[in-house]
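Shown next, in structure tokens, is the structure this report addresses.
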Amino acid sequence: MAIIDEAFDDLPVLTTLPAETECDLVINWAGVTPSKSHEGRENLALTFSVVGDPNVQDIRAWLPLPSKEERTMDPKAYVRKARRLRDFVASFNLEMPLDTDAIAGSVGRAILGEDVDLEGNPINTVRRFISK
């Protein structure tokens, strides 16, 4: 039984951008996921595309969500997380409270970093969100 009748000869090569590249990103998907490294904590998980360059691989980011308990138990960690989230919200001109279903399609600016995935392939990361 044939399941697909497609030639895969002309597929584009997906690329990454150099570290320190400043570019516009569009949010493809947003959701809340449990933290793998800290039980009971959550992350805002995001997938972005680079505006105007469809051959750049999607960029994933996880923003740890600050908690009320953390505010009293570890104030510095709370401030770091809150600042990163604040910068993300400002960059994408979002309104609080955040609605993960409503922010897809929003465009913001960021400086990218470079890393490798678990298989050793190059990927881009978000180094810093920039307010417009």
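Ordering of the structure tokens sets the chain letters (A, B, ...), residue numbers begin anew at 1 in every chain, and ligands are numbered from 1 in the order given.
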Enumerate the residues of chain A with a DSSP assignment of strand (DSSP E), computed from the backbone, and present them as an MDAnalysis selection string. chainID A and resid 22:34 42:50 59:64 107:116 122:130
Can you tell me, as a list in words, what residues are no more than 10 Å from Phe88 in chain A when counting only C-alpha atoms, ignoring any on the same chain fewer than 5 positions away? Leu63, Ala82, Arg83, Asn93, Leu94, Gly108, Arg109, Ala110, Arg128, Phe129, Ile130 and Ser131 of chain A
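With only C-alpha atoms as the basis for measurement, A:Phe92 is the residue among A:Trp29, A:Phe48, A:Phe8, A:Phe92 that approaches Ser106 in chain A most closely.
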Expected answer as number ranges by chain: alpha helix (DSSP H) residues in range 25-76 of chain A: A: 68-73, 75-76
Give me a file of those residues, with C-alpha atoms, as an mmCIF file, in the first residue's frame.
data_model
loop_
_atom_site.group_PDB
_atom_site.id
_atom_site.type_symbol
_atom_site.label_atom_id
_atom_site.label_comp_id
_atom_site.auth_asym_id
_atom_site.auth_seq_id
_atom_site.Cartn_x
_atom_site.Cartn_y
_atom_site.Cartn_z
ATOM 1 C CA LYS A 68 5.005 33.611 44.223
ATOM 2 C CA GLU A 69 6.886 31.077 46.366
ATOM 3 C CA GLU A 70 10.095 31.873 44.544
ATOM 4 C CA ARG A 71 9.608 35.581 45.186
ATOM 5 C CA THR A 72 10.127 34.976 48.916
ATOM 6 C CA MET A 73 12.403 31.909 48.849
ATOM 7 C CA PRO A 75 14.266 36.705 45.248
ATOM 8 C CA LYS A 76 17.184 36.914 42.812
#
Ranking A:Ile59, A:Ala90, A:Ser67, A:Val50 by minimum distance to Glu22 in chain A and counting only C-alpha atoms, which one comes first?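 Checking each candidate against Glu22 in chain A, we get A:Val50 as the closest.
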